[in-house]
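Source file model-v7.pdb; content: PDB, C-alpha atoms.
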ATOM      1  CA  MET A 777      10.058  34.790 109.197
ATOM      2  CA  LEU A 778       8.103  31.894 107.872
ATOM      3  CA  ASP A 779       7.627  31.450 104.069
ATOM      4  CA  PRO A 780       4.051  31.484 102.832
ATOM      5  CA  ILE A 781       2.564  28.072 102.135
ATOM      6  CA  ALA A 782       0.748  27.637  98.794
ATOM      7  CA  SER A 783      -2.786  26.500  99.061
ATOM      8  CA  PRO A 784      -3.718  23.004  97.772
ATOM      9  CA  ARG A 785      -6.082  24.539  95.201
ATOM     10  CA  HIS A 786      -3.268  26.545  93.664
ATOM     11  CA  GLN A 787      -1.100  23.422  93.395
ATOM     12  CA  LEU A 788      -3.862  21.550  91.573
ATOM     13  CA  VAL A 789      -4.244  24.355  89.018
ATOM     14  CA  VAL A 790      -0.508  24.388  88.322
ATOM     15  CA  LEU A 791      -0.479  20.591  87.889
ATOM     16  CA  ALA A 792      -3.396  20.694  85.431
ATOM     17  CA  VAL A 793      -1.749  23.381  83.323
ATOM     18  CA  SER A 794       1.486  21.363  83.213
ATOM     19  CA  LEU A 795      -0.325  18.225  82.097
ATOM     20  CA  LEU A 796      -2.112  20.109  79.304
ATOM     21  CA  ALA A 797       1.177  21.568  78.070
ATOM     22  CA  LEU A 798       2.791  18.137  78.084
ATOM     23  CA  ALA A 799      -0.118  16.622  76.142
ATOM     24  CA  GLY A 800       0.186  19.371  73.542
ATOM     25  CA  CYS A 801       3.861  18.588  73.019
ATOM     26  CA  GLN A 802       3.220  14.849  72.557
ATOM     27  CA  ARG A 803       0.301  15.213  70.076
ATOM     28  CA  GLU A 804       0.945  13.275  66.843
ATOM     29  CA  PRO A 805       0.832  15.291  63.630
ATOM     30  CA  GLN A 806      -2.404  14.893  61.704
ATOM     31  CA  PRO A 807      -2.151  13.700  58.069
ATOM     32  CA  ALA A 808      -2.688  16.325  55.409
ATOM     33  CA  PRO A 809      -6.142  16.252  53.870
ATOM     34  CA  ALA A 810      -6.311  14.203  50.687
ATOM     35  CA  PRO A 811      -6.523  16.311  47.549
ATOM     36  CA  ASP A 812      -9.805  16.344  45.741
ATOM     37  CA  LYS A 813      -9.968  13.648  43.094
ATOM     38  CA  LYS A 814     -10.084  15.129  39.650
ATOM     39  CA  SER A 815     -12.378  13.528  37.150
ATOM     40  CA  GLU A 816     -10.159  11.599  34.732
ATOM     41  CA  THR A 817     -10.975  12.171  31.069
ATOM     42  CA  PRO A 818     -10.835   8.888  29.140
ATOM     43  CA  PRO A 819      -8.073   8.876  26.499
ATOM     44  CA  VAL A 820      -9.129   9.622  22.960
ATOM     45  CA  VAL A 821      -8.603   6.555  20.786
ATOM     46  CA  THR A 822      -7.722   7.391  17.196
ATOM     47  CA  VAL A 823      -7.808   4.739  14.512
ATOM     48  CA  ALA A 824      -4.993   5.264  12.036
ATOM     49  CA  PRO A 825      -5.915   4.680   8.401
ATOM     50  CA  ALA A 826      -4.601   1.510   6.837
ATOM     51  CA  PRO A 827      -1.227   2.130   5.211
ATOM     52  CA  VAL A 828      -1.130   2.561   1.456
ATOM     53  CA  LEU A 829      -0.158  -0.670  -0.281
ATOM     54  CA  ASP A 830       3.062  -0.482  -2.260
ATOM     55  CA  ARG A 831       4.491  -3.030  -4.676
ATOM     56  CA  ALA A 832       6.004  -5.186  -1.917
ATOM     57  CA  GLY A 833       2.831  -5.196   0.194
ATOM     58  CA  LEU A 834       0.581  -6.012  -2.742
ATOM     59  CA  LEU A 835       2.808  -8.852  -3.940
ATOM     60  CA  GLN A 836       2.906 -10.264  -0.416
ATOM     61  CA  ALA A 837      -0.904 -10.373  -0.410
ATOM     62  CA  MET A 838      -0.773 -12.135  -3.793
ATOM     63  CA  ASP A 839       1.665 -14.728  -2.409
ATOM     64  CA  ILE A 840      -0.620 -15.464   0.548
ATOM     65  CA  ALA A 841      -3.604 -15.826  -1.786
ATOM     66  CA  ALA A 842      -1.666 -18.146  -4.133
ATOM     67  CA  SER A 843      -0.602 -20.372  -1.237
ATOM     68  CA  ALA A 844      -4.167 -20.573   0.117
ATOM     69  CA  PHE A 845      -5.556 -21.395  -3.334
ATOM     70  CA  ALA A 846      -2.975 -24.145  -3.925
ATOM     71  CA  ALA A 847      -3.737 -25.644  -0.499
ATOM     72  CA  GLY A 848      -7.478 -25.692  -1.183
ATOM     73  CA  ARG A 849      -8.236 -23.121   1.505
ATOM     74  CA  GLU A 850     -10.256 -19.926   1.418
ATOM     75  CA  VAL A 851      -8.319 -17.341  -0.564
ATOM     76  CA  GLY A 852      -9.804 -14.471   1.448
ATOM     77  CA  GLY A 853      -8.616 -10.965   0.687
ATOM     78  CA  ALA A 854     -11.886  -9.253   1.614
ATOM     79  CA  SER A 855     -10.013  -7.043   4.096
ATOM     80  CA  LEU A 856      -8.058  -5.520   1.209
ATOM     81  CA  ALA A 857     -11.170  -3.969  -0.334
ATOM     82  CA  GLY A 858     -11.036  -0.207   0.053
ATOM     83  CA  ARG A 859      -7.261  -0.044   0.639
ATOM     84  CA  ARG A 860      -5.377   2.495  -1.447
ATOM     85  CA  PHE A 861      -2.319   1.401  -3.409
ATOM     86  CA  VAL A 862       0.537   3.062  -5.272
ATOM     87  CA  VAL A 863       2.578   0.561  -7.271
ATOM     88  CA  ARG A 864       5.771   1.440  -9.109
ATOM     89  CA  GLN A 865       7.520  -1.094 -11.286
ATOM     90  CA  ALA A 866      10.515  -0.852 -13.566
ATOM     91  CA  PHE A 867      10.395  -1.322 -17.336
ATOM     92  CA  GLY A 868      12.730  -0.547 -20.206
ATOM     93  CA  CYS A 869      15.642  -1.993 -18.244
ATOM     94  CA  SER A 870      17.491  -3.133 -21.375
ATOM     95  CA  GLU A 871      18.377  -1.402 -24.631
ATOM     96  CA  PRO A 872      15.180  -0.306 -26.428
ATOM     97  CA  GLY A 873      14.235  -2.269 -29.522
ATOM     98  CA  ASP A 874      11.707  -1.609 -32.262
ATOM     99  CA  ALA A 875       8.179  -0.628 -31.277
ATOM    100  CA  ALA A 876       6.587  -3.525 -33.175
ATOM    101  CA  GLU A 877       8.740  -6.069 -31.330
ATOM    102  CA  ALA A 878       8.243  -4.505 -27.891
ATOM    103  CA  ALA A 879       4.424  -4.411 -27.855
ATOM    104  CA  THR A 880       3.053  -6.607 -25.042
ATOM    105  CA  ASP A 881      -0.484  -6.312 -23.691
ATOM    106  CA  GLY A 882      -0.663  -5.563 -19.994
ATOM    107  CA  LEU A 883       3.004  -4.532 -19.695
ATOM    108  CA  ALA A 884       4.658  -1.136 -20.117
ATOM    109  CA  THR A 885       7.279  -0.955 -22.873
ATOM    110  CA  VAL A 886       9.674   1.599 -24.341
ATOM    111  CA  ALA A 887      11.019   1.334 -27.883
ATOM    112  CA  TRP A 888      12.536   3.401 -30.660
ATOM    113  CA  ALA A 889      10.211   5.080 -33.109
ATOM    114  CA  LYS A 890      10.600   4.205 -36.784
ATOM    115  CA  ASP A 891      12.930   7.138 -37.422
ATOM    116  CA  ARG A 892      14.923   6.305 -34.245
ATOM    117  CA  GLN A 893      14.750   9.969 -33.259
ATOM    118  CA  SER A 894      12.366   9.483 -30.335
ATOM    119  CA  LEU A 895      11.356   6.884 -27.747
ATOM    120  CA  LYS A 896       7.801   5.553 -27.678
ATOM    121  CA  PHE A 897       6.304   4.571 -24.315
ATOM    122  CA  SER A 898       3.244   2.335 -24.378
ATOM    123  CA  LEU A 899       0.970   0.436 -22.001
ATOM    124  CA  ALA A 900      -1.937  -1.434 -23.580
ATOM    125  CA  PRO A 901      -4.361  -2.965 -21.038
ATOM    126  CA  THR A 902      -5.281  -6.556 -21.789
ATOM    127  CA  ASP A 903      -8.905  -7.737 -21.945
ATOM    128  CA  TRP A 904      -9.528 -10.179 -19.096
ATOM    129  CA  LEU A 905     -13.319 -10.273 -19.217
ATOM    130  CA  ARG A 906     -13.426 -13.667 -20.985
ATOM    131  CA  SER A 907      -9.966 -14.856 -19.990
ATOM    132  CA  GLY A 908     -11.004 -17.202 -17.175
ATOM    133  CA  LEU A 909      -9.087 -15.152 -14.617
ATOM    134  CA  ILE A 910     -12.311 -13.604 -13.340
ATOM    135  CA  GLY A 911     -14.066 -16.925 -12.709
ATOM    136  CA  ASN A 912     -17.854 -16.625 -12.606
ATOM    137  CA  ASP A 913     -17.805 -12.841 -12.229
ATOM    138  CA  ASP A 914     -17.866 -12.037 -15.945
ATOM    139  CA  THR A 915     -21.678 -11.908 -16.001
ATOM    140  CA  SER A 916     -21.743  -9.073 -13.438
ATOM    141  CA  LEU A 917     -19.037  -6.985 -15.129
ATOM    142  CA  GLU A 918     -19.066  -4.960 -18.319
ATOM    143  CA  ALA A 919     -15.298  -4.756 -18.825
ATOM    144  CA  VAL A 920     -12.073  -5.895 -17.150
ATOM    145  CA  GLU A 921      -8.795  -4.239 -18.183
ATOM    146  CA  GLY A 922      -5.694  -6.024 -16.945
ATOM    147  CA  PHE A 923      -2.187  -4.912 -15.992
ATOM    148  CA  TRP A 924       0.559  -7.393 -15.116
ATOM    149  CA  LEU A 925       2.889  -6.927 -12.154
ATOM    150  CA  ALA A 926       6.149  -7.820 -13.870
ATOM    151  CA  ARG A 927       8.823  -9.865 -12.051
ATOM    152  CA  PRO A 928       6.692 -10.650  -8.969
ATOM    153  CA  TRP A 929       9.731 -12.193  -7.241
ATOM    154  CA  LEU A 930      11.353  -8.721  -7.204
ATOM    155  CA  ARG A 931       9.866  -6.588  -4.421
ATOM    156  CA  THR A 932      11.830  -3.411  -5.155
ATOM    157  CA  GLU A 933      10.860  -0.758  -7.701
ATOM    158  CA  ALA A 934      14.229  -0.837  -9.488
ATOM    159  CA  CYS A 935      15.483  -2.800 -12.468
ATOM    160  CA  PRO A 936      17.028  -6.233 -11.794
ATOM    161  CA  ALA A 937      20.722  -6.164 -10.959
ATOM    162  CA  LEU A 938      21.336  -9.094 -13.315
ATOM    163  CA  ALA A 939      22.080  -7.867 -16.824
ATOM    164  CA  SER A 940      19.643  -8.907 -19.534
ATOM    165  CA  ALA A 941      20.868 -11.724 -21.781
ATOM    166  CA  ASP A 942      20.336 -11.642 -25.522
ATOM    167  CA  SER A 943      20.285 -15.403 -26.064
ATOM    168  CA  ALA A 944      17.196 -17.171 -27.325
ATOM    169  CA  SER A 945      17.017 -19.207 -24.107
ATOM    170  CA  SER A 946      16.428 -16.092 -21.975
ATOM    171  CA  GLN A 947      12.659 -16.257 -22.310
ATOM    172  CA  ALA A 948      10.695 -14.337 -19.692
ATOM    173  CA  SER A 949       8.761 -16.276 -17.065
ATOM    174  CA  PRO A 950       4.969 -16.436 -17.443
ATOM    175  CA  GLN A 951       3.071 -13.650 -15.717
ATOM    176  CA  THR A 952       1.499 -14.725 -12.421
ATOM    177  CA  ALA A 953       0.322 -11.505 -10.703
ATOM    178  CA  GLY A 954      -1.749  -8.609 -11.947
ATOM    179  CA  LEU A 955      -4.314  -5.908 -11.290
ATOM    180  CA  ALA A 956      -7.746  -5.931 -12.920
ATOM    181  CA  ALA A 957      -9.575  -2.633 -13.387
ATOM    182  CA  VAL A 958     -13.211  -3.769 -13.164
ATOM    183  CA  PHE A 959     -16.182  -1.892 -14.642
ATOM    184  CA  LYS A 960     -19.794  -2.674 -13.784
ATOM    185  CA  PRO A 961     -22.660  -2.113 -16.251
ATOM    186  CA  ASN A 962     -24.057   0.890 -14.372
ATOM    187  CA  GLY A 963     -20.716   2.218 -13.141
ATOM    188  CA  ALA A 964     -18.551   5.097 -14.317
ATOM    189  CA  ARG A 965     -16.764   4.647 -17.628
ATOM    190  CA  THR A 966     -14.397   7.602 -17.437
ATOM    191  CA  GLY A 967     -11.358   5.425 -16.731
ATOM    192  CA  ARG A 968     -11.992   2.831 -19.424
ATOM    193  CA  ARG A 969      -9.491   2.604 -22.268
ATOM    194  CA  ASN A 970     -11.613   0.427 -24.589
ATOM    195  CA  GLY A 971      -8.528  -1.009 -26.262
ATOM    196  CA  ARG A 972      -6.594   2.281 -26.386
ATOM    197  CA  ALA A 973      -3.050   2.201 -25.045
ATOM    198  CA  TYR A 974      -1.448   4.777 -22.777
ATOM    199  CA  GLU A 975       1.191   6.318 -25.047
ATOM    200  CA  PHE A 976       3.914   8.923 -24.678
ATOM    201  CA  THR A 977       6.755  10.089 -26.940
ATOM    202  CA  LEU A 978      10.094  11.239 -25.521
ATOM    203  CA  ARG A 979      12.102  13.454 -27.860
ATOM    204  CA  GLY A 980      15.673  14.635 -27.567
ATOM    205  CA  GLU A 981      17.078  18.154 -27.689
ATOM    206  CA  ASP A 982      18.801  20.106 -30.465
ATOM    207  CA  GLY A 983      17.709  17.583 -33.061
ATOM    208  CA  GLN A 984      19.414  14.693 -31.275
ATOM    209  CA  PRO A 985      17.620  11.491 -30.208
ATOM    210  CA  PRO A 986      17.113  11.023 -26.459
ATOM    211  CA  ALA A 987      19.573   8.869 -24.540
ATOM    212  CA  PRO A 988      17.803   5.807 -23.058
ATOM    213  CA  SER A 989      18.063   5.582 -19.282
ATOM    214  CA  ALA A 990      20.513   2.968 -18.005
ATOM    215  CA  GLN A 991      18.257   2.499 -14.945
ATOM    216  CA  GLY A 992      15.100   2.082 -17.013
ATOM    217  CA  TYR A 993      11.805   3.828 -16.361
ATOM    218  CA  ARG A 994       8.909   3.429 -13.929
ATOM    219  CA  LEU A 995       5.246   2.655 -14.462
ATOM    220  CA  VAL A 996       2.986   4.032 -11.717
ATOM    221  CA  LEU A 997      -0.422   2.468 -11.035
ATOM    222  CA  GLU A 998      -2.453   4.219  -8.357
ATOM    223  CA  GLY A 999      -5.969   3.604  -7.098
ATOM    224  CA  ARG A1000      -8.070   1.653  -4.628
ATOM    225  CA  MET A1001      -8.602  -2.060  -4.117
ATOM    226  CA  THR A1002     -12.183  -3.158  -4.692
ATOM    227  CA  ALA A1003     -13.874  -6.576  -4.772
ATOM    228  CA  PHE A1004     -15.249  -9.107  -7.202
ATOM    229  CA  ALA A1005     -18.865 -10.276  -6.966
ATOM    230  CA  ASP A1006     -18.002 -12.816  -4.241
ATOM    231  CA  GLY A1007     -16.550 -10.087  -2.005
ATOM    232  CA  ARG A1008     -12.937 -11.134  -2.503
ATOM    233  CA  ALA A1009     -10.315  -8.654  -3.618
ATOM    234  CA  ILE A1010      -8.076 -11.362  -5.147
ATOM    235  CA  HIS A1011      -8.889 -14.270  -7.460
ATOM    236  CA  CYS A1012      -6.470 -17.085  -8.313
ATOM    237  CA  ARG A1013      -6.452 -19.933 -10.794
ATOM    238  CA  ALA A1014      -4.013 -22.638 -11.910
ATOM    239  CA  ALA A1015      -4.023 -25.032 -14.860
ATOM    240  CA  ALA A1016      -2.166 -27.783 -12.966
ATOM    241  CA  PRO A1017      -1.105 -28.526  -9.368
ATOM    242  CA  ASP A1018       2.590 -28.101 -10.225
ATOM    243  CA  GLN A1019       2.112 -24.646 -11.725
ATOM    244  CA  ARG A1020       2.201 -21.444  -9.727
ATOM    245  CA  PRO A1021      -1.334 -19.994  -9.445
ATOM    246  CA  VAL A1022      -2.061 -16.803 -11.349
ATOM    247  CA  CYS A1023      -3.589 -14.235  -8.974
ATOM    248  CA  ILE A1024      -5.157 -10.893  -9.845
ATOM    249  CA  GLY A1025      -6.592  -8.148  -7.656
ATOM    250  CA  ALA A1026      -9.754  -6.172  -8.403
ATOM    251  CA  VAL A1027      -9.054  -2.436  -8.465
ATOM    252  CA  GLN A1028     -10.460   0.961  -9.273
ATOM    253  CA  LEU A1029      -7.656   2.660 -11.168
ATOM    254  CA  ASP A1030      -7.313   6.410 -10.543
ATOM    255  CA  ARG A1031      -3.947   7.266 -12.071
ATOM    256  CA  VAL A1032      -1.440   5.863 -14.554
ATOM    257  CA  ALA A1033       1.928   7.538 -15.103
ATOM    258  CA  PHE A1034       5.329   7.080 -16.721
ATOM    259  CA  GLU A1035       8.347   8.294 -14.721
ATOM    260  CA  ASP A1036      12.083   8.231 -15.184
ATOM    261  CA  ALA A1037      14.319   6.335 -12.754
ATOM    262  CA  ASN A1038      14.572   9.400 -10.479
ATOM    263  CA  GLY A1039      10.813   9.766 -10.095
ATOM    264  CA  GLN A1040      10.471  12.660 -12.546
ATOM    265  CA  MET A1041       7.061  12.406 -14.194
ATOM    266  CA  LEU A1042       7.064  12.074 -17.977
ATOM    267  CA  SER A1043       3.319  11.729 -18.559
ATOM    268  CA  GLU A1044       0.199  10.847 -16.571
ATOM    269  CA  TRP A1045      -3.484  10.020 -16.982
ATOM    270  CA  ARG A1046      -6.086  10.547 -14.254
ATOM    271  CA  ASP A1047      -9.588   9.158 -13.947
ATOM    272  CA  GLY A1048     -12.009  12.021 -14.539
TER     273      GLY A1048
END
Rewrite the coordinates I just gave you, this time as C-alpha cells.
Amino acid sequence: MLDPIASPRHQLVVLAVSLLALAGCQREPQPAPAPDKKSETPPVVTVAPAPVLDRAGLLQAMDIAASAFAAGREVGGASLAGRRFVVRQAFGCSEPGDAAEAATDGLATVAWAKDRQSLKFSLAPTDWLRSGLIGNDDTSLEAVEGFWLARPWLRTEACPALASADSASSQASPQTAGLAAVFKPNGARTGRRNGRAYEFTLRGEDGQPPAPSAQGYRLVLEGRMTAFADGRAIHCRAAAPDQRPVCIGAVQLDRVAFEDANGQMLSEWRDG
C-alpha cells in the first residue's frame, strides 16, 4: 500500500512555522527601560559661624598686625570686627605681695590685704583715650578703657613654667598687646567703669587666711571685637623702628571674671 504524499501547501506551512520558531529563539534580549530620573535637590549650604577667638588666636592677629605696621603695609583687621572672643590669662603666679605694691593699671593683680587675713583681687582699666594708642580716633570716642594682654609671647592660659625671680634685674617686659573697650558719645554706658576697678576679696575658712594658689588665678575677658573710626579692629604704633609695635584691639566688653586655676569662678561682672 502506498504512503500518502503530503501536499506542497502543507509543506510550506510547516516550513514557515519552523522559521518563526527559530527566529523567536534567536531574538536578542531587549534592554530594561531606564528608570525615571528623579529631580535632584541641590545640597543645602550652611555657613558655620566664625570660631570664637581665644587668647592664642587673638595674639596671632596682633602679631600679624604688628608685622604689617612695621613693614609699612596696611594693618587690616577689618575682618575681625564682629567676632566673639573669650580670653583667659594667668595672674598671681608668684607669692602675693602687698596691695599697694601690686596695683598696676590694665593688669589683674592679687595681693594680701592689710591684715593679711584675706586676698584682694583687682583689675583697674587704664585710660587710653589720650594715650596716643588710639591715633586720630579720640575725637569720635567718649572713653577708652584699656586692658593689657600680659606675656604676649605665651599663648597658653597657664602661668609660665619658669619660676619668678626676686632679683632687681627681673623687670617685666613692656606691654605690647591689649584690648580697648571703646565707648561712643551716644552709645551705651552700662559697661563703663569710669576709673573704678573690678575688685574681689577671697577669705579663708575657720578664721584662717586663704592659701594662695600655686598655679595662680585666671582673668576672663569676654565680648565682641568692634572697629575704630577707620574700620580697623586693631591699631598699632611704635616709638622707634627697633621697638616692637604696641597693638590694641577695639572691643565691646560683655563680661569680666576672676577664676581659680581650675576654672572655678570667684567673681564676675556682666554688661547690663
Discussion item. Let me make sure I understand: among A:Ala889, A:Ala1037, A:Ala847, A:Ala837, which one has the smallest atom-to-atom distance to A:Gly992 if we use all atoms listed in the file?
Written reply: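 Nearest to A:Gly992: A:Ala1037.
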Just so the selection is clear, what residues does the PyMOL selection byres ((chain A and resi 1013-1027) around 6) cover here, as a short mmCIF file (atom, residue, chain, number, x, y, z; two decimals) with C-alpha atoms, keeping the file's coordinate frame?
data_model
loop_
_atom_site.label_atom_id
_atom_site.label_comp_id
_atom_site.auth_asym_id
_atom_site.auth_seq_id
_atom_site.Cartn_x
_atom_site.Cartn_y
_atom_site.Cartn_z
CA ALA A 842 -1.67 -18.15 -4.13
CA THR A 952 1.50 -14.72 -12.42
CA ALA A 953 0.32 -11.50 -10.70
CA GLY A 954 -1.75 -8.61 -11.95
CA LEU A 955 -4.31 -5.91 -11.29
CA ALA A 956 -7.75 -5.93 -12.92
CA ALA A 957 -9.57 -2.63 -13.39
CA ARG A 1000 -8.07 1.65 -4.63
CA MET A 1001 -8.60 -2.06 -4.12
CA THR A 1002 -12.18 -3.16 -4.69
CA ALA A 1003 -13.87 -6.58 -4.77
CA ALA A 1009 -10.32 -8.65 -3.62
CA ILE A 1010 -8.08 -11.36 -5.15
CA HIS A 1011 -8.89 -14.27 -7.46
CA CYS A 1012 -6.47 -17.08 -8.31
CA GLN A 1028 -10.46 0.96 -9.27
CA LEU A 1029 -7.66 2.66 -11.17
#
Discussion item. Taking the file as I've supplied it (selection: the PyMOL selection byres ((chain A and resi 832) around 10)), which residues are included? Please answer as a count of residues only.
Written reply: 17
Practice prompt. Run through the PyMOL selection byres ((chain A and resi 828) around 9) on the given coordinates and return the selected residues as a list of chain:residue names.
Written response: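 Matching residues under the PyMOL selection byres ((chain A and resi 828) around 9) are A:Pro825, A:Ala826, A:Pro827, A:Leu829, A:Asp830, A:Gly833, A:Arg859, A:Arg860, A:Phe861, A:Val862.
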Item to complete: Grab the atom CA of A:Ser907 to atom CA of A:Phe923 distance for me, in Å with one decimal place.
Response: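 Separating atom CA of A:Ser907 from atom CA of A:Phe923 is a distance of 13.2 Å.
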Fill in: Between atom CA of A:Asp891 and atom CA of A:Arg994 - distance in Å to one decimal
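We find that atom CA of A:Arg994 and atom CA of A:Asp891 lie 24.1 Å from each other.
Taking atom CA of A:Asn962 and atom CA of A:Ala919 as endpoints, the distance between them is 11.3 Å.
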Worksheet, complete the sentence: Using only C-alpha atoms, the residue out of A:Arg965, A:Arg1031, A:Arg892, A:Arg1046 with shortest distance to A:Val920 is A:Arg965
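Each of A:Asn970, A:Gln893, A:Thr885, A:Gln984 was compared to A:Gly922 using only C-alpha atoms, and A:Asn970 turns out to be the nearest.
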